[in-house]
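A.B. asks: input_12.cif (mmCIF, C-alpha atoms) pasted underneath:
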```
data_work
loop_
_atom_site.label_atom_id
_atom_site.label_comp_id
_atom_site.auth_asym_id
_atom_site.auth_seq_id
_atom_site.Cartn_x
_atom_site.Cartn_y
_atom_site.Cartn_z
CA MET H 91 188.77 131.87 162.10
CA LYS H 92 192.36 132.62 163.10
CA ILE H 93 194.27 129.55 164.22
CA TYR H 94 197.56 129.48 166.13
CA PHE H 95 199.36 126.20 165.44
CA ALA H 96 202.10 125.25 167.91
CA GLY H 97 204.74 122.62 167.20
CA SER H 98 208.29 122.00 168.35
CA ILE H 99 211.09 123.91 166.63
CA ARG H 100 214.18 124.01 168.87
CA GLY H 101 212.96 121.03 170.92
CA GLY H 102 213.38 118.87 167.80
CA ARG H 103 211.95 118.59 164.28
CA GLU H 104 211.07 114.88 164.21
CA TYR H 105 207.40 115.52 163.33
CA VAL H 106 207.74 118.40 160.87
CA GLU H 107 206.02 116.48 158.07
CA LEU H 108 203.08 115.84 160.33
CA TYR H 109 202.96 119.55 161.27
CA GLN H 110 202.71 120.26 157.55
CA LYS H 111 199.75 117.92 157.14
CA ILE H 112 198.01 119.37 160.18
CA ILE H 113 198.43 122.94 158.94
CA THR H 114 197.18 122.02 155.46
CA TYR H 115 194.08 120.57 157.07
CA LEU H 116 193.58 123.49 159.48
CA LYS H 117 193.47 125.88 156.52
CA LYS H 118 190.06 124.44 155.63
CA PHE H 119 188.76 126.26 158.69
CA GLY H 120 190.52 129.61 158.46
CA THR H 121 193.90 131.32 158.56
CA VAL H 122 196.87 129.60 160.21
CA LEU H 123 199.00 132.42 161.62
CA THR H 124 202.08 130.30 162.38
CA GLU H 125 202.55 128.50 159.07
CA HIS H 126 206.37 128.67 159.34
CA VAL H 127 206.28 126.00 162.09
CA ALA H 128 205.88 123.40 159.32
CA ASP H 129 208.65 124.81 157.10
CA ARG H 130 211.03 121.94 156.37
CA GLY H 131 213.78 124.47 155.79
CA LEU H 132 213.44 125.51 159.42
CA SER H 133 215.88 123.43 161.47
CA LYS H 134 215.98 122.88 165.20
CA PHE H 135 218.17 125.96 165.38
CA GLY H 136 215.12 128.07 164.58
CA GLU H 137 214.55 131.17 162.53
CA ASN H 138 217.57 133.12 161.38
CA ILE H 139 215.93 136.19 159.95
CA GLU H 140 214.67 137.56 163.22
CA ASN H 141 216.06 137.86 166.69
CA ASP H 142 214.40 136.11 169.60
CA ILE H 143 212.69 139.21 170.98
CA SER H 144 211.07 139.90 167.59
CA ILE H 145 209.97 136.26 167.30
CA HIS H 146 208.46 136.32 170.80
CA THR H 147 206.67 139.66 170.20
CA ARG H 148 205.27 138.48 166.85
CA ASP H 149 204.13 135.12 168.22
CA MET H 150 202.44 136.64 171.26
CA GLU H 151 200.61 139.12 169.00
CA TRP H 152 199.42 136.17 166.91
CA LEU H 153 198.43 134.21 170.00
CA TYR H 154 196.32 137.10 171.33
CA LEU H 155 194.73 137.58 167.89
CA SER H 156 193.88 133.92 167.43
CA ASN H 157 190.51 132.35 168.14
CA VAL H 158 191.96 128.96 168.97
CA LEU H 159 195.29 127.21 169.61
CA VAL H 160 196.06 123.77 168.15
CA ALA H 161 199.26 122.18 169.48
CA GLU H 162 201.12 119.03 168.48
CA VAL H 163 202.61 117.97 171.82
CA THR H 164 204.50 114.74 171.11
CA THR H 165 207.97 116.33 171.16
CA PRO H 166 208.84 117.98 174.50
CA SER H 167 209.15 121.71 173.81
CA LEU H 168 209.47 124.73 176.09
CA GLY H 169 207.93 127.00 173.45
CA VAL H 170 204.86 124.84 172.88
CA GLY H 171 204.30 124.50 176.64
CA TYR H 172 204.71 128.26 177.09
CA GLU H 173 202.20 129.03 174.33
CA ILE H 174 199.66 126.60 175.81
CA GLY H 175 200.10 128.14 179.27
CA ARG H 176 199.54 131.67 177.96
CA ALA H 177 196.58 130.56 175.81
CA ILE H 178 194.90 128.89 178.81
CA GLU H 179 195.31 132.02 180.93
CA ASN H 180 193.65 133.99 178.10
CA ASN H 181 190.72 131.56 177.91
CA LYS H 182 191.51 130.46 174.36
CA PRO H 183 190.16 127.06 173.34
CA VAL H 184 193.16 124.69 173.14
CA LEU H 185 193.39 121.36 171.29
CA CYS H 186 196.44 119.18 172.02
CA LEU H 187 197.35 116.27 169.75
CA TYR H 188 199.67 113.53 171.05
CA LYS H 189 201.00 110.58 169.04
CA GLN H 190 200.45 107.21 170.69
CA GLY H 191 203.58 105.15 171.30
CA SER H 192 205.90 108.14 171.73
CA ASN H 193 209.14 107.65 173.67
CA TYR H 194 208.04 110.52 175.87
CA LYS H 195 205.22 110.25 178.37
CA LEU H 196 203.11 113.39 178.04
CA SER H 197 203.61 116.08 180.70
CA ALA H 198 201.08 116.06 183.55
CA MET H 199 200.72 119.80 182.94
CA ILE H 200 199.08 118.94 179.59
CA ALA H 201 197.57 115.52 180.32
CA GLY H 202 196.10 116.77 183.61
CA CYS H 203 194.81 120.16 182.46
CA GLU H 204 191.03 120.21 182.38
CA ASN H 205 190.89 123.50 180.45
CA LEU H 206 192.08 121.95 177.20
CA THR H 207 191.05 119.13 174.87
CA LEU H 208 193.61 116.33 174.53
CA ASN H 209 193.38 113.68 171.83
CA GLU H 210 195.79 110.81 171.24
CA TYR H 211 196.14 109.68 167.65
CA SER H 212 197.97 107.07 165.62
CA ASN H 213 197.44 108.40 162.07
CA ILE H 214 196.60 111.58 160.17
CA GLU H 215 193.00 110.55 159.55
CA GLN H 216 192.39 110.46 163.29
CA VAL H 217 194.04 113.87 163.62
CA GLN H 218 191.67 115.23 160.98
CA ASN H 219 188.65 113.80 162.78
CA TYR H 220 189.75 115.31 166.07
CA ILE H 221 190.25 118.70 164.40
CA ASP H 222 186.77 118.47 162.81
CA ASP H 223 185.17 117.71 166.17
CA PHE H 224 187.06 120.45 167.98
CA LEU H 225 186.74 123.29 165.48
CA ASN H 226 183.15 122.53 164.51
CA GLY H 227 182.33 122.55 168.20
CA ILE H 228 183.56 126.10 168.73
CA GLN H 229 182.38 127.71 165.50
CA MET F 128 209.18 133.62 200.47
CA LYS F 129 207.45 130.82 198.59
CA ILE F 130 209.42 129.58 195.60
CA TYR F 131 208.14 127.45 192.73
CA PHE F 132 211.03 125.55 191.16
CA ALA F 133 210.41 124.16 187.65
CA GLY F 134 212.57 121.49 186.05
CA SER F 135 212.02 118.80 183.45
CA ILE F 136 210.47 115.50 184.58
CA ARG F 137 208.93 113.69 181.60
CA GLY F 138 211.03 115.70 179.11
CA GLY F 139 214.13 113.97 180.57
CA ARG F 140 216.02 113.74 183.85
CA GLU F 141 219.55 114.53 182.64
CA TYR F 142 219.99 117.43 185.06
CA VAL F 143 218.30 116.05 188.18
CA GLU F 144 221.45 116.40 190.29
CA LEU F 145 221.67 120.03 189.33
CA TYR F 146 218.01 120.53 190.23
CA GLN F 147 218.86 119.13 193.64
CA LYS F 148 221.68 121.63 194.14
CA ILE F 149 219.50 124.52 192.99
CA ILE F 150 216.69 123.58 195.38
CA THR F 151 219.12 123.21 198.28
CA TYR F 152 220.37 126.71 197.57
CA LEU F 153 216.88 128.19 197.08
CA LYS F 154 215.91 126.97 200.56
CA LYS F 155 218.20 129.68 201.99
CA PHE F 156 215.57 132.17 200.81
CA GLY F 157 212.33 130.46 201.76
CA THR F 158 210.13 127.45 201.09
CA VAL F 159 210.48 125.51 197.85
CA LEU F 160 206.99 124.18 197.10
CA THR F 161 208.03 121.75 194.35
CA GLU F 162 210.86 119.89 196.06
CA HIS F 163 209.91 116.57 194.42
CA VAL F 164 211.27 117.86 191.07
CA ALA F 165 214.76 117.03 192.35
CA ASP F 166 213.85 113.57 193.67
CA ARG F 167 216.28 111.11 192.09
CA GLY F 168 213.72 108.38 192.58
CA LEU F 169 211.42 110.25 190.22
CA SER F 170 212.05 108.95 186.69
CA LYS F 171 211.07 110.48 183.38
CA PHE F 172 207.81 108.57 183.72
CA GLY F 173 206.79 110.97 186.46
CA GLU F 174 204.91 110.58 189.71
CA ASN F 175 203.05 107.34 190.29
CA ILE F 176 201.16 108.18 193.42
CA GLU F 177 198.85 110.73 191.87
CA ASN F 178 196.95 110.98 188.64
CA ASP F 179 197.71 113.76 186.16
CA ILE F 180 194.68 115.88 187.06
CA SER F 181 195.70 115.86 190.75
CA ILE F 182 199.29 116.74 189.84
CA HIS F 183 198.13 119.63 187.64
CA THR F 184 195.71 120.95 190.26
CA ARG F 185 198.33 120.77 193.02
CA ASP F 186 201.03 122.41 190.90
CA MET F 187 198.77 125.24 189.76
CA GLU F 188 197.77 125.91 193.38
CA TRP F 189 201.47 126.08 194.26
CA LEU F 190 202.19 128.33 191.29
CA TYR F 191 199.46 130.79 192.31
CA LEU F 192 200.69 130.70 195.93
CA SER F 193 204.31 131.29 195.04
CA ASN F 194 206.07 134.65 195.12
CA VAL F 195 208.52 133.72 192.40
CA LEU F 196 209.24 131.02 189.81
CA VAL F 197 212.77 129.71 189.20
CA ALA F 198 213.09 127.41 186.17
CA GLU F 199 215.98 125.33 184.89
CA VAL F 200 215.34 125.44 181.13
CA THR F 201 218.17 123.44 179.57
CA THR F 202 216.08 120.32 178.84
CA PRO F 203 213.13 120.98 176.51
CA SER F 204 209.98 120.38 178.56
CA LEU F 205 206.30 121.07 177.92
CA GLY F 206 205.58 121.30 181.63
CA VAL F 207 208.32 123.83 182.37
CA GLY F 208 207.25 125.97 179.39
CA TYR F 209 203.61 125.77 180.50
CA GLU F 210 204.47 126.83 184.05
CA ILE F 211 206.54 129.78 182.80
CA GLY F 212 203.71 130.88 180.49
CA ARG F 213 201.16 130.80 183.30
CA ALA F 214 203.54 132.53 185.73
CA ILE F 215 204.18 135.37 183.24
CA GLU F 216 200.45 135.89 182.72
CA ASN F 217 200.09 136.15 186.51
CA ASN F 218 202.89 138.72 186.78
CA LYS F 219 205.13 136.47 188.86
CA PRO F 220 208.86 137.26 188.74
CA VAL F 221 210.52 134.48 186.70
CA LEU F 222 214.20 133.49 186.66
CA CYS F 223 215.31 131.06 183.92
CA LEU F 224 218.65 129.27 184.14
CA TYR F 225 220.19 127.78 180.99
CA LYS F 226 223.38 125.72 180.82
CA GLN F 227 225.87 126.92 178.24
CA GLY F 228 226.91 124.40 175.62
CA SER F 229 223.64 122.47 175.64
CA ASN F 230 222.71 120.42 172.58
CA TYR F 231 219.45 122.36 172.48
CA LYS F 232 219.24 125.98 171.44
CA LEU F 233 216.94 127.71 173.91
CA SER F 234 213.37 128.40 172.72
CA ALA F 235 212.73 131.92 171.40
CA MET F 236 209.67 131.97 173.66
CA ILE F 237 212.06 131.98 176.64
CA ALA F 238 215.13 133.68 175.16
CA GLY F 239 212.99 136.43 173.62
CA CYS F 240 210.62 137.07 176.53
CA GLU F 241 211.31 140.45 178.09
CA ASN F 242 209.13 139.70 181.15
CA LEU F 243 211.58 137.23 182.63
CA THR F 244 215.24 137.17 183.70
CA LEU F 245 217.40 134.73 181.75
CA ASN F 246 220.90 133.78 182.89
CA GLU F 247 223.27 131.36 181.18
CA TYR F 248 225.65 129.49 183.46
CA SER F 249 228.44 126.98 183.27
CA ASN F 250 228.74 125.91 186.92
CA ILE F 251 226.77 125.82 190.17
CA GLU F 252 228.62 128.80 191.65
CA GLN F 253 227.33 130.96 188.81
CA VAL F 254 223.83 129.62 189.37
CA GLN F 255 224.08 130.59 193.04
CA ASN F 256 225.23 134.10 192.16
CA TYR F 257 222.36 134.54 189.70
CA ILE F 258 219.87 133.34 192.33
CA ASP F 259 221.35 135.78 194.86
CA ASP F 260 221.01 138.69 192.45
CA PHE F 261 217.50 137.76 191.44
CA LEU F 262 215.97 136.94 194.83
CA ASN F 263 217.70 139.75 196.70
CA GLY F 264 216.38 142.10 194.02
CA ILE F 265 212.75 141.21 194.65
CA GLN F 266 212.78 140.88 198.42
#
```
Transcribe the structure of this file into structure tokens.
C.D. replies:
Amino acid sequence: MKIYFAGSIRGGREYVELYQKIITYLKKFGTVLTEHVADRGLSKFGENIENDISIHTRDMEWLYLSNVLVAEVTTPSLGVGYEIGRAIENNKPVLCLYKQGSNYKLSAMIAGCENLTLNEYSNIEQVQNYIDDFLNGIQ
Amino acid sequence: MKIYFAGSIRGGREYVELYQKIITYLKKFGTVLTEHVADRGLSKFGENIENDISIHTRDMEWLYLSNVLVAEVTTPSLGVGYEIGRAIENNKPVLCLYKQGSNYKLSAMIAGCENLTLNEYSNIEQVQNYIDDFLNGIQ
């Protein structure tokens, strides 16, 4: 299984350690194409080695290749929203994970979308259970 | 012309006055379907009168109806990113407006997307000129 993980980069890196734990867990199920999203060396200024057009082209290739998209949606992020929108239009299964008690109320475009699975969590064990349920359900 | 204007709601309302000016200007060209985005009474907690599924359904109907999407992308926002992603997949012309000197570097998913027009501005007059160029070009 090819998994596209989406997490905030330029929108803010507050949850990067959580992204790392999610990706580690997702690897039990297959290949995570976007492993750099959890790179602690990657600041909110984003990747330096590539220009934005190359990043966009690469990420869209990965998104089209992937069997499923898993997004951490607690931090508002244009890129994560964009990837979810394109995944939905391409009928990819989408799992969104949102941390309870965030300062941000989740967008109605995510919370109100019936074509994705949304789970609210308060710890990593819950995240792992939600991933189990979601990925076992589509395998 | 039917215009879908996208701006941050739950991602933060810092630029709501600017959204208002943009919508006022867009009305010269046609109908702005999403006028509530510039409502100063609308806080970052979003609309109260409707549930999230109704909001999503209504907004997606508007997006499919619209001839063009104009997005203010300075504030990171899942909803704005999602709407841009869905508009691109539906071959809608998309204009993104980004304020120079923002604390946030613009997402590579927007800055690197060759299927949209991105303009950086520093004042409302520039915004108006960019809107003129863009909307006159597709009429």
A.B. asks: Could you please select, counting all atoms listed in the file, the residues of chain F within 10 Å of chain H and state them as a PyMOL selection string?
C.D. replies: chain F and resi 135-139+171-174+178-184+186-187+200-217+230-241
A.B. asks: Output, as a PDB file with C-alpha atoms, keeping the file's coordinate frame, the coordinates of chain F following least-squares superposition onto chain H across all in-order C-alpha pairs.
C.D. replies:
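In the end it all went to out-v5.pdb:
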```pdb
ATOM      1  CA  MET F 128     188.767 131.870 162.121  1.00  0.00           C
ATOM      2  CA  LYS F 129     192.347 132.627 163.109  1.00  0.00           C
ATOM      3  CA  ILE F 130     194.277 129.561 164.220  1.00  0.00           C
ATOM      4  CA  TYR F 131     197.560 129.480 166.125  1.00  0.00           C
ATOM      5  CA  PHE F 132     199.356 126.204 165.438  1.00  0.00           C
ATOM      6  CA  ALA F 133     202.102 125.247 167.923  1.00  0.00           C
ATOM      7  CA  GLY F 134     204.739 122.620 167.212  1.00  0.00           C
ATOM      8  CA  SER F 135     208.285 122.001 168.368  1.00  0.00           C
ATOM      9  CA  ILE F 136     211.100 123.905 166.629  1.00  0.00           C
ATOM     10  CA  ARG F 137     214.185 124.009 168.864  1.00  0.00           C
ATOM     11  CA  GLY F 138     212.967 121.026 170.930  1.00  0.00           C
ATOM     12  CA  GLY F 139     213.380 118.876 167.777  1.00  0.00           C
ATOM     13  CA  ARG F 140     211.950 118.597 164.276  1.00  0.00           C
ATOM     14  CA  GLU F 141     211.063 114.888 164.213  1.00  0.00           C
ATOM     15  CA  TYR F 142     207.419 115.527 163.337  1.00  0.00           C
ATOM     16  CA  VAL F 143     207.747 118.410 160.873  1.00  0.00           C
ATOM     17  CA  GLU F 144     206.022 116.486 158.076  1.00  0.00           C
ATOM     18  CA  LEU F 145     203.088 115.853 160.344  1.00  0.00           C
ATOM     19  CA  TYR F 146     202.958 119.538 161.270  1.00  0.00           C
ATOM     20  CA  GLN F 147     202.722 120.260 157.563  1.00  0.00           C
ATOM     21  CA  LYS F 148     199.754 117.923 157.135  1.00  0.00           C
ATOM     22  CA  ILE F 149     198.004 119.373 160.179  1.00  0.00           C
ATOM     23  CA  ILE F 150     198.429 122.947 158.937  1.00  0.00           C
ATOM     24  CA  THR F 151     197.175 122.018 155.471  1.00  0.00           C
ATOM     25  CA  TYR F 152     194.071 120.566 157.075  1.00  0.00           C
ATOM     26  CA  LEU F 153     193.573 123.490 159.486  1.00  0.00           C
ATOM     27  CA  LYS F 154     193.483 125.880 156.516  1.00  0.00           C
ATOM     28  CA  LYS F 155     190.058 124.423 155.634  1.00  0.00           C
ATOM     29  CA  PHE F 156     188.763 126.268 158.705  1.00  0.00           C
ATOM     30  CA  GLY F 157     190.527 129.608 158.465  1.00  0.00           C
ATOM     31  CA  THR F 158     193.907 131.315 158.566  1.00  0.00           C
ATOM     32  CA  VAL F 159     196.864 129.603 160.213  1.00  0.00           C
ATOM     33  CA  LEU F 160     199.000 132.429 161.615  1.00  0.00           C
ATOM     34  CA  THR F 161     202.078 130.311 162.381  1.00  0.00           C
ATOM     35  CA  GLU F 162     202.560 128.513 159.075  1.00  0.00           C
ATOM     36  CA  HIS F 163     206.371 128.674 159.337  1.00  0.00           C
ATOM     37  CA  VAL F 164     206.275 125.989 162.078  1.00  0.00           C
ATOM     38  CA  ALA F 165     205.877 123.404 159.309  1.00  0.00           C
ATOM     39  CA  ASP F 166     208.642 124.815 157.094  1.00  0.00           C
ATOM     40  CA  ARG F 167     211.032 121.952 156.352  1.00  0.00           C
ATOM     41  CA  GLY F 168     213.770 124.485 155.776  1.00  0.00           C
ATOM     42  CA  LEU F 169     213.437 125.524 159.405  1.00  0.00           C
ATOM     43  CA  SER F 170     215.880 123.431 161.454  1.00  0.00           C
ATOM     44  CA  LYS F 171     215.983 122.870 165.187  1.00  0.00           C
ATOM     45  CA  PHE F 172     218.171 125.964 165.363  1.00  0.00           C
ATOM     46  CA  GLY F 173     215.119 128.060 164.585  1.00  0.00           C
ATOM     47  CA  GLU F 174     214.539 131.166 162.519  1.00  0.00           C
ATOM     48  CA  ASN F 175     217.573 133.110 161.374  1.00  0.00           C
ATOM     49  CA  ILE F 176     215.934 136.167 159.944  1.00  0.00           C
ATOM     50  CA  GLU F 177     214.672 137.562 163.215  1.00  0.00           C
ATOM     51  CA  ASN F 178     216.066 137.871 166.688  1.00  0.00           C
ATOM     52  CA  ASP F 179     214.397 136.095 169.607  1.00  0.00           C
ATOM     53  CA  ILE F 180     212.691 139.205 170.988  1.00  0.00           C
ATOM     54  CA  SER F 181     211.071 139.887 167.587  1.00  0.00           C
ATOM     55  CA  ILE F 182     209.974 136.254 167.296  1.00  0.00           C
ATOM     56  CA  HIS F 183     208.449 136.329 170.790  1.00  0.00           C
ATOM     57  CA  THR F 184     206.676 139.640 170.190  1.00  0.00           C
ATOM     58  CA  ARG F 185     205.271 138.478 166.845  1.00  0.00           C
ATOM     59  CA  ASP F 186     204.129 135.117 168.215  1.00  0.00           C
ATOM     60  CA  MET F 187     202.444 136.644 171.256  1.00  0.00           C
ATOM     61  CA  GLU F 188     200.602 139.112 169.005  1.00  0.00           C
ATOM     62  CA  TRP F 189     199.421 136.160 166.911  1.00  0.00           C
ATOM     63  CA  LEU F 190     198.429 134.211 170.013  1.00  0.00           C
ATOM     64  CA  TYR F 191     196.315 137.100 171.326  1.00  0.00           C
ATOM     65  CA  LEU F 192     194.747 137.563 167.870  1.00  0.00           C
ATOM     66  CA  SER F 193     193.898 133.913 167.425  1.00  0.00           C
ATOM     67  CA  ASN F 194     190.516 132.345 168.127  1.00  0.00           C
ATOM     68  CA  VAL F 195     191.971 128.962 168.965  1.00  0.00           C
ATOM     69  CA  LEU F 196     195.289 127.203 169.610  1.00  0.00           C
ATOM     70  CA  VAL F 197     196.059 123.765 168.149  1.00  0.00           C
ATOM     71  CA  ALA F 198     199.263 122.174 169.481  1.00  0.00           C
ATOM     72  CA  GLU F 199     201.107 119.025 168.480  1.00  0.00           C
ATOM     73  CA  VAL F 200     202.604 117.969 171.827  1.00  0.00           C
ATOM     74  CA  THR F 201     204.498 114.753 171.111  1.00  0.00           C
ATOM     75  CA  THR F 202     207.981 116.335 171.170  1.00  0.00           C
ATOM     76  CA  PRO F 203     208.845 117.979 174.504  1.00  0.00           C
ATOM     77  CA  SER F 204     209.160 121.709 173.820  1.00  0.00           C
ATOM     78  CA  LEU F 205     209.468 124.743 176.084  1.00  0.00           C
ATOM     79  CA  GLY F 206     207.935 127.001 173.460  1.00  0.00           C
ATOM     80  CA  VAL F 207     204.860 124.840 172.881  1.00  0.00           C
ATOM     81  CA  GLY F 208     204.301 124.500 176.647  1.00  0.00           C
ATOM     82  CA  TYR F 209     204.716 128.262 177.090  1.00  0.00           C
ATOM     83  CA  GLU F 210     202.207 129.022 174.335  1.00  0.00           C
ATOM     84  CA  ILE F 211     199.659 126.600 175.815  1.00  0.00           C
ATOM     85  CA  GLY F 212     200.098 128.141 179.277  1.00  0.00           C
ATOM     86  CA  ARG F 213     199.535 131.659 177.967  1.00  0.00           C
ATOM     87  CA  ALA F 214     196.583 130.560 175.813  1.00  0.00           C
ATOM     88  CA  ILE F 215     194.885 128.888 178.812  1.00  0.00           C
ATOM     89  CA  GLU F 216     195.308 132.020 180.925  1.00  0.00           C
ATOM     90  CA  ASN F 217     193.651 133.988 178.107  1.00  0.00           C
ATOM     91  CA  ASN F 218     190.713 131.570 177.904  1.00  0.00           C
ATOM     92  CA  LYS F 219     191.510 130.466 174.361  1.00  0.00           C
ATOM     93  CA  PRO F 220     190.158 127.049 173.335  1.00  0.00           C
ATOM     94  CA  VAL F 221     193.159 124.683 173.130  1.00  0.00           C
ATOM     95  CA  LEU F 222     193.389 121.355 171.287  1.00  0.00           C
ATOM     96  CA  CYS F 223     196.450 119.178 172.017  1.00  0.00           C
ATOM     97  CA  LEU F 224     197.361 116.274 169.749  1.00  0.00           C
ATOM     98  CA  TYR F 225     199.658 113.527 171.050  1.00  0.00           C
ATOM     99  CA  LYS F 226     200.993 110.590 169.041  1.00  0.00           C
ATOM    100  CA  GLN F 227     200.467 107.221 170.674  1.00  0.00           C
ATOM    101  CA  GLY F 228     203.576 105.160 171.296  1.00  0.00           C
ATOM    102  CA  SER F 229     205.909 108.125 171.727  1.00  0.00           C
ATOM    103  CA  ASN F 230     209.130 107.645 173.683  1.00  0.00           C
ATOM    104  CA  TYR F 231     208.022 110.529 175.887  1.00  0.00           C
ATOM    105  CA  LYS F 232     205.209 110.248 178.384  1.00  0.00           C
ATOM    106  CA  LEU F 233     203.103 113.383 178.037  1.00  0.00           C
ATOM    107  CA  SER F 234     203.607 116.079 180.704  1.00  0.00           C
ATOM    108  CA  ALA F 235     201.073 116.065 183.553  1.00  0.00           C
ATOM    109  CA  MET F 236     200.703 119.802 182.945  1.00  0.00           C
ATOM    110  CA  ILE F 237     199.082 118.942 179.595  1.00  0.00           C
ATOM    111  CA  ALA F 238     197.567 115.526 180.326  1.00  0.00           C
ATOM    112  CA  GLY F 239     196.089 116.771 183.609  1.00  0.00           C
ATOM    113  CA  CYS F 240     194.805 120.166 182.459  1.00  0.00           C
ATOM    114  CA  GLU F 241     191.020 120.204 182.391  1.00  0.00           C
ATOM    115  CA  ASN F 242     190.894 123.500 180.441  1.00  0.00           C
ATOM    116  CA  LEU F 243     192.086 121.947 177.207  1.00  0.00           C
ATOM    117  CA  THR F 244     191.045 119.115 174.875  1.00  0.00           C
ATOM    118  CA  LEU F 245     193.612 116.335 174.548  1.00  0.00           C
ATOM    119  CA  ASN F 246     193.375 113.681 171.836  1.00  0.00           C
ATOM    120  CA  GLU F 247     195.791 110.816 171.240  1.00  0.00           C
ATOM    121  CA  TYR F 248     196.141 109.671 167.645  1.00  0.00           C
ATOM    122  CA  SER F 249     197.962 107.088 165.613  1.00  0.00           C
ATOM    123  CA  ASN F 250     197.436 108.407 162.072  1.00  0.00           C
ATOM    124  CA  ILE F 251     196.603 111.593 160.172  1.00  0.00           C
ATOM    125  CA  GLU F 252     192.996 110.553 159.539  1.00  0.00           C
ATOM    126  CA  GLN F 253     192.404 110.472 163.286  1.00  0.00           C
ATOM    127  CA  VAL F 254     194.035 113.875 163.626  1.00  0.00           C
ATOM    128  CA  GLN F 255     191.673 115.237 160.973  1.00  0.00           C
ATOM    129  CA  ASN F 256     188.645 113.801 162.759  1.00  0.00           C
ATOM    130  CA  TYR F 257     189.744 115.317 166.072  1.00  0.00           C
ATOM    131  CA  ILE F 258     190.250 118.708 164.397  1.00  0.00           C
ATOM    132  CA  ASP F 259     186.785 118.460 162.824  1.00  0.00           C
ATOM    133  CA  ASP F 260     185.174 117.706 166.174  1.00  0.00           C
ATOM    134  CA  PHE F 261     187.055 120.434 167.969  1.00  0.00           C
ATOM    135  CA  LEU F 262     186.743 123.288 165.466  1.00  0.00           C
ATOM    136  CA  ASN F 263     183.158 122.527 164.490  1.00  0.00           C
ATOM    137  CA  GLY F 264     182.337 122.541 168.201  1.00  0.00           C
ATOM    138  CA  ILE F 265     183.560 126.089 168.731  1.00  0.00           C
ATOM    139  CA  GLN F 266     182.370 127.700 165.519  1.00  0.00           C
TER     140      GLN F 266
END
```
A.B. asks: F:Arg185, F:Lys226, F:Arg140, F:Lys155: which is nearest Arg167 (chain F), counting only C-alpha atoms?
C.D. replies: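 Of all the options, F:Arg140 lies closest to Arg167 (chain F).
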A.B. asks: For the file shown, what are the residues hit by the PyMOL selection byres ((chain H and resi 217) around 12), laid out as an MDAnalysis selection string?
C.D. replies: chainID H and resid 108:109 111:116 160:162 185:190 208:216 218:224
A.B. asks: Using the selection just defined, write its residues with C-alpha atoms as a compact mmCIF listing (two decimals), in the frame of the given file.
C.D. replies:
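The resulting file, again-v1.txt, is shown below:
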```
# COMPACT_ATOMS: atom_id res chain seq x y z
CA LEU H 108 203.08 115.84 160.33
CA TYR H 109 202.96 119.55 161.27
CA LYS H 111 199.75 117.92 157.14
CA ILE H 112 198.01 119.37 160.18
CA ILE H 113 198.43 122.94 158.94
CA THR H 114 197.18 122.02 155.46
CA TYR H 115 194.08 120.57 157.07
CA LEU H 116 193.58 123.49 159.48
CA VAL H 160 196.06 123.77 168.15
CA ALA H 161 199.26 122.18 169.48
CA GLU H 162 201.12 119.03 168.48
CA LEU H 185 193.39 121.36 171.29
CA CYS H 186 196.44 119.18 172.02
CA LEU H 187 197.35 116.27 169.75
CA TYR H 188 199.67 113.53 171.05
CA LYS H 189 201.00 110.58 169.04
CA GLN H 190 200.45 107.21 170.69
CA LEU H 208 193.61 116.33 174.53
CA ASN H 209 193.38 113.68 171.83
CA GLU H 210 195.79 110.81 171.24
CA TYR H 211 196.14 109.68 167.65
CA SER H 212 197.97 107.07 165.62
CA ASN H 213 197.44 108.40 162.07
CA ILE H 214 196.60 111.58 160.17
CA GLU H 215 193.00 110.55 159.55
CA GLN H 216 192.39 110.46 163.29
CA GLN H 218 191.67 115.23 160.98
CA ASN H 219 188.65 113.80 162.78
CA TYR H 220 189.75 115.31 166.07
CA ILE H 221 190.25 118.70 164.40
CA ASP H 222 186.77 118.47 162.81
CA ASP H 223 185.17 117.71 166.17
CA PHE H 224 187.06 120.45 167.98
```
A.B. asks: Got a sec to resolve the PyMOL selection byres ((chain F and resi 195) around 10) on this structure and send the residues as a PyMOL selection string?
C.D. replies: chain F and resi 128-132+190-194+196-198+214+218-222+261-262+265
A.B. asks: Could you check the closest approach to Ser229 (chain F) for each of F:Tyr142, F:Asp166, F:Ala133, F:Gly264 and tell me which residue wins, using all atoms listed in the file?
C.D. replies: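 Ranked by minimum distance to Ser229 (chain F), first place goes to F:Tyr142.
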A.B. asks: May I ask for the distance between CA of Glu107 (chain H) and CA of Val127 (chain H), given in Å to one decimal place?
C.D. replies: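 Distance between the two atoms: 10.3 Å.
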A.B. asks: Which value, in Å to one decimal, gives the distance between CA of Leu132 (chain H) and CA of Leu206 (chain H)?
C.D. replies: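 It comes out at 28.0 Å.
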A.B. asks: For CA of Thr244 (chain F) and CA of Val159 (chain F), quote the distance in Å rounded to one decimal.
C.D. replies: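 Those two atoms sit 18.9 Å apart.
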A.B. asks: Let me know the centre plus edge lengths, in Å and rounded to one decimal, of a box with edges along x, y and z that contains all listed atoms of region 244-261 of chain F and is padded by 3 Å on every side, as JSON.
C.D. replies:
```
{"center_x": 222.0, "center_y": 132.3, "center_z": 188.0, "size_x": 19.5, "size_y": 18.9, "size_z": 19.7}
```
